[in-house]
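Heads up, the thing below is written out as C-alpha coordinates.
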Amino acid sequence: TLTIPNETATLATTNGITEVDQWTLTAAVTSNTTVSSNLSRISTANLAGEALGTGMSVSSGIWTFPSTGYWLVNVQAAWRTASNDGCALRIEGTVNNSTYSHIGQINFGKDNDGSNIDAVTFGQVWLKITDTSNDKIKFVTTSISSGSELRGGTTYNYTSFVFIKVGEV
(Lines give C-alpha, C1' and ligand atoms only; values in the text may rest on other atoms or scores of the structure.)
Protein backbone atom coordinates (compact mmCIF):
# COMPACT_ATOMS: atom_id res chain seq x y z
CA THR A 1 0.00 0.00 0.00
CA LEU A 2 0.99 3.60 -0.35
CA THR A 3 2.29 4.87 2.95
CA ILE A 4 2.56 8.16 4.73
CA PRO A 5 6.28 8.93 4.67
CA ASN A 6 8.08 8.98 8.01
CA GLU A 7 11.53 9.84 6.79
CA THR A 8 13.25 13.15 6.11
CA ALA A 9 12.73 14.51 2.60
CA THR A 10 14.62 17.14 0.66
CA LEU A 11 11.83 19.66 0.89
CA ALA A 12 10.91 22.24 -1.71
CA THR A 13 12.43 25.04 0.36
CA THR A 14 15.79 24.11 -1.20
CA ASN A 15 14.84 24.74 -4.84
CA GLY A 16 11.22 25.87 -4.69
CA ILE A 17 8.13 23.88 -5.59
CA THR A 18 8.59 22.39 -9.06
CA GLU A 19 5.23 20.69 -9.64
CA VAL A 20 1.70 21.97 -8.93
CA ASP A 21 -1.40 20.97 -10.83
CA GLN A 22 -5.08 21.73 -10.11
CA TRP A 23 -8.01 19.98 -11.74
CA THR A 24 -11.75 20.57 -11.37
CA LEU A 25 -14.84 18.44 -11.80
CA THR A 26 -16.90 20.10 -14.56
CA ALA A 27 -20.16 18.15 -14.05
CA ALA A 28 -21.81 16.47 -11.09
CA VAL A 29 -21.28 12.81 -10.18
CA THR A 30 -24.59 11.26 -9.09
CA SER A 31 -23.69 7.60 -8.55
CA ASN A 32 -21.11 5.37 -6.88
CA THR A 33 -18.22 5.28 -9.34
CA THR A 34 -14.58 6.08 -10.03
CA VAL A 35 -14.45 9.77 -10.97
CA SER A 36 -13.26 9.29 -14.54
CA SER A 37 -14.85 11.95 -16.72
CA ASN A 38 -15.65 15.65 -16.70
CA LEU A 39 -12.19 16.48 -15.35
CA SER A 40 -10.33 19.56 -16.53
CA ARG A 41 -7.49 21.82 -15.45
CA ILE A 42 -8.85 25.00 -13.94
CA SER A 43 -9.07 27.71 -16.60
CA THR A 44 -10.62 31.03 -15.72
CA ALA A 45 -9.28 34.57 -15.82
CA ASN A 46 -8.02 34.43 -12.23
CA LEU A 47 -6.80 30.82 -12.00
CA ALA A 48 -3.65 29.50 -13.65
CA GLY A 49 -5.27 26.95 -15.97
CA GLU A 50 -1.95 25.24 -16.44
CA ALA A 51 0.41 23.07 -14.46
CA LEU A 52 3.62 24.28 -12.92
CA GLY A 53 6.04 21.66 -14.21
CA THR A 54 4.94 18.65 -16.24
CA GLY A 55 1.55 18.18 -14.58
CA MET A 56 -0.57 15.16 -13.77
CA SER A 57 -2.21 12.90 -16.32
CA VAL A 58 -5.48 11.05 -15.86
CA SER A 59 -6.96 8.21 -17.90
CA SER A 60 -10.19 6.39 -16.98
CA GLY A 61 -9.98 7.96 -13.52
CA ILE A 62 -6.44 6.69 -12.82
CA TRP A 63 -4.02 9.51 -11.95
CA THR A 64 -0.35 9.24 -12.93
CA PHE A 65 2.35 11.31 -11.25
CA PRO A 66 4.85 12.99 -13.59
CA SER A 67 7.86 12.32 -11.34
CA THR A 68 8.92 10.53 -8.20
CA GLY A 69 8.97 12.42 -4.92
CA TYR A 70 6.91 13.40 -1.92
CA TRP A 71 3.49 14.61 -3.04
CA LEU A 72 0.68 16.35 -1.17
CA VAL A 73 -2.74 15.71 -2.71
CA ASN A 74 -5.50 18.08 -1.59
CA VAL A 75 -9.15 17.46 -2.41
CA GLN A 76 -12.02 19.92 -2.09
CA ALA A 77 -15.33 18.08 -2.42
CA ALA A 78 -18.58 20.01 -2.83
CA TRP A 79 -21.74 18.09 -1.99
CA ARG A 80 -25.47 18.43 -2.40
CA THR A 81 -27.22 15.71 -0.47
CA ALA A 82 -30.79 14.53 -0.52
CA SER A 83 -32.72 14.17 2.70
CA ASN A 84 -31.14 11.70 5.12
CA ASP A 85 -28.18 10.87 2.87
CA GLY A 86 -24.48 10.72 3.64
CA CYS A 87 -21.90 10.68 0.86
CA ALA A 88 -18.18 9.97 0.62
CA LEU A 89 -15.30 10.46 -1.77
CA ARG A 90 -12.61 7.84 -1.22
CA ILE A 91 -8.98 8.28 -2.17
CA GLU A 92 -7.54 4.94 -3.26
CA GLY A 93 -3.92 4.15 -4.07
CA THR A 94 -1.86 1.40 -5.64
CA VAL A 95 1.84 0.53 -5.77
CA ASN A 96 1.44 -2.13 -8.49
CA ASN A 97 -0.88 -0.33 -10.96
CA SER A 98 -3.53 -2.95 -10.21
CA THR A 99 -4.74 -3.53 -6.64
CA TYR A 100 -6.11 -0.39 -5.00
CA SER A 101 -6.48 0.20 -1.28
CA HIS A 102 -8.38 2.85 0.65
CA ILE A 103 -5.89 5.56 1.78
CA GLY A 104 -8.15 8.52 2.53
CA GLN A 105 -11.79 9.59 2.65
CA ILE A 106 -13.86 12.76 2.64
CA ASN A 107 -17.35 12.39 4.12
CA PHE A 108 -20.47 14.47 4.37
CA GLY A 109 -23.53 13.38 6.34
CA LYS A 110 -27.10 14.57 6.49
CA ASP A 111 -29.50 15.15 9.34
CA ASN A 112 -33.08 13.90 9.33
CA ASP A 113 -34.80 17.23 8.68
CA GLY A 114 -36.10 16.31 5.22
CA SER A 115 -34.35 18.97 3.11
CA ASN A 116 -31.29 19.09 0.87
CA ILE A 117 -28.11 20.67 2.16
CA ASP A 118 -24.95 21.92 0.44
CA ALA A 119 -21.47 21.69 1.94
CA VAL A 120 -17.80 21.69 1.00
CA THR A 121 -15.44 19.24 2.65
CA PHE A 122 -11.67 18.92 2.43
CA GLY A 123 -9.20 16.07 2.64
CA GLN A 124 -5.60 15.35 1.85
CA VAL A 125 -3.03 12.59 1.64
CA TRP A 126 0.76 12.80 1.79
CA LEU A 127 2.35 10.29 -0.59
CA LYS A 128 5.79 8.91 -1.34
CA ILE A 129 5.88 8.17 -5.08
CA THR A 130 8.85 5.97 -5.97
CA ASP A 131 7.65 4.43 -9.26
CA THR A 132 5.54 6.53 -11.63
CA SER A 133 4.52 3.44 -13.63
CA ASN A 134 2.96 1.70 -10.63
CA ASP A 135 2.23 4.28 -7.88
CA LYS A 136 -1.15 5.80 -8.79
CA ILE A 137 -4.35 7.07 -7.19
CA LYS A 138 -8.02 7.37 -8.03
CA PHE A 139 -11.07 9.03 -6.49
CA VAL A 140 -14.21 6.94 -5.93
CA THR A 141 -17.64 8.18 -4.85
CA THR A 142 -19.57 5.98 -2.43
CA SER A 143 -22.93 6.05 -0.62
CA ILE A 144 -24.54 8.45 -3.06
CA SER A 145 -28.30 7.92 -3.15
CA SER A 146 -30.87 9.34 -5.54
CA GLY A 147 -30.94 13.13 -5.37
CA SER A 148 -27.40 13.51 -4.00
CA GLU A 149 -24.29 14.54 -5.90
CA LEU A 150 -20.63 15.37 -5.81
CA ARG A 151 -20.93 18.81 -7.35
CA GLY A 152 -19.13 20.00 -10.45
CA GLY A 153 -19.50 22.92 -12.81
CA THR A 154 -17.78 25.19 -15.30
CA THR A 155 -18.52 28.62 -13.83
CA TYR A 156 -16.35 28.19 -10.77
CA ASN A 157 -14.57 25.57 -8.75
CA TYR A 158 -16.92 23.26 -6.82
CA THR A 159 -14.85 20.08 -6.51
CA SER A 160 -11.10 20.14 -7.16
CA PHE A 161 -7.97 18.07 -6.93
CA VAL A 162 -4.59 19.72 -6.26
CA PHE A 163 -1.29 17.87 -6.61
CA ILE A 164 1.86 19.47 -5.14
CA LYS A 165 5.31 17.94 -5.25
CA VAL A 166 7.00 19.10 -2.06
CA GLY A 167 10.30 17.22 -2.18
CA GLU A 168 12.53 14.61 -3.72
CA VAL A 169 12.62 11.02 -2.54
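By order in the C-alpha coordinates, chains are A, B, ...; within a chain, residues start at 1; ligands start at 1, following the order shown.
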Mind checking DSSP for region 12-156 of chain A and telling me the strand (DSSP E) residues as a PyMOL selection string?
-> chain A and resi 19-25+39-41+57-59+62-64+69-81+87-94+101-108+117-129+136-142+149-150
Can you pull out every residue within 10 Å of region 31-43 of chain A, counting only C-alpha atoms, but drop anything in the same chain fewer than 6 positions away, and send it as an MDAnalysis selection string?
-> chainID A and resid 21:25 49:51 55:56 58:63 87:92 138:150 152:157 159:162
Contacts of Thr81 (chain A) at 6 Å (only C-alpha atoms; same-chain gap of 3+ positions) as number ranges by chain | A: 85, 116-117, 148
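Across the structure, CA of Thr30 (chain A) and CA of Trp79 (chain A) are spaced 10.3 Å apart.
Minimum atom-to-atom distance to Val125 (chain A), evaluated using only C-alpha atoms, belongs to A:Asn74 out of A:Ser83, A:Asn74, A:Ser67, A:Asn107.
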Which is closer to Ala27 (chain A) than all the others in A:Ala78, A:Val95, A:Leu52, A:Ala119, using only C-alpha atoms?
-> A:Ala78
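Note that the spacing between CA of Tyr100 (chain A) and CA of Val169 (chain A) amounts to 22.1 Å.
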A:Ile129, A:Ile106, A:Ile137, A:Val29: which is nearest Gln76 (chain A), counting only C-alpha atoms?
-> A:Ile106
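Among the candidates A:Thr18, A:Asn134, A:Asn96, A:Gln105, the one nearest to Phe122 (chain A) when counting only C-alpha atoms is A:Gln105.
Between Ser57 (chain A) and the candidates A:Arg151, A:His102, A:Lys136, A:Arg80, the tightest atom-to-atom separation, counting only C-alpha atoms, involves A:Lys136.
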What's the 8 Å shell around Thr68 (chain A), counting only C-alpha atoms, without same-chain residues fewer than 5 positions away, as a PyMOL selection string?
-> chain A and resi 128-132+168-169
Put those residues in a file: N, CA, C and O atoms, as a PDB file, in the first residue's frame.
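Final output, saved to again_9.pdb:
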```
ATOM      1  N   LYS A 128       4.412   9.127  -0.877  1.00  0.00           N
ATOM      2  CA  LYS A 128       5.786   8.915  -1.336  1.00  0.00           C
ATOM      3  C   LYS A 128       5.696   8.127  -2.637  1.00  0.00           C
ATOM      4  O   LYS A 128       5.362   6.942  -2.633  1.00  0.00           O
ATOM      5  N   ILE A 129       5.960   8.786  -3.756  1.00  0.00           N
ATOM      6  CA  ILE A 129       5.879   8.172  -5.076  1.00  0.00           C
ATOM      7  C   ILE A 129       7.296   7.780  -5.494  1.00  0.00           C
ATOM      8  O   ILE A 129       8.157   8.639  -5.683  1.00  0.00           O
ATOM      9  N   THR A 130       7.523   6.463  -5.611  1.00  0.00           N
ATOM     10  CA  THR A 130       8.854   5.970  -5.971  1.00  0.00           C
ATOM     11  C   THR A 130       8.889   5.311  -7.343  1.00  0.00           C
ATOM     12  O   THR A 130       9.964   5.023  -7.859  1.00  0.00           O
ATOM     13  N   ASP A 131       7.718   5.084  -7.959  1.00  0.00           N
ATOM     14  CA  ASP A 131       7.646   4.432  -9.260  1.00  0.00           C
ATOM     15  C   ASP A 131       6.429   4.986  -9.998  1.00  0.00           C
ATOM     16  O   ASP A 131       5.296   4.614  -9.697  1.00  0.00           O
ATOM     17  N   THR A 132       6.662   5.862 -10.957  1.00  0.00           N
ATOM     18  CA  THR A 132       5.537   6.530 -11.628  1.00  0.00           C
ATOM     19  C   THR A 132       4.730   5.590 -12.526  1.00  0.00           C
ATOM     20  O   THR A 132       3.616   5.915 -12.904  1.00  0.00           O
ATOM     21  N   GLU A 168      11.979  15.777  -3.031  1.00  0.00           N
ATOM     22  CA  GLU A 168      12.532  14.615  -3.723  1.00  0.00           C
ATOM     23  C   GLU A 168      12.608  13.421  -2.773  1.00  0.00           C
ATOM     24  O   GLU A 168      12.777  13.593  -1.569  1.00  0.00           O
ATOM     25  N   VAL A 169      12.499  12.238  -3.332  1.00  0.00           N
ATOM     26  CA  VAL A 169      12.625  11.015  -2.540  1.00  0.00           C
ATOM     27  C   VAL A 169      14.090  10.789  -2.257  1.00  0.00           C
ATOM     28  O   VAL A 169      14.927  10.907  -3.110  1.00  0.00           O
TER      29      VAL A 169
END
```
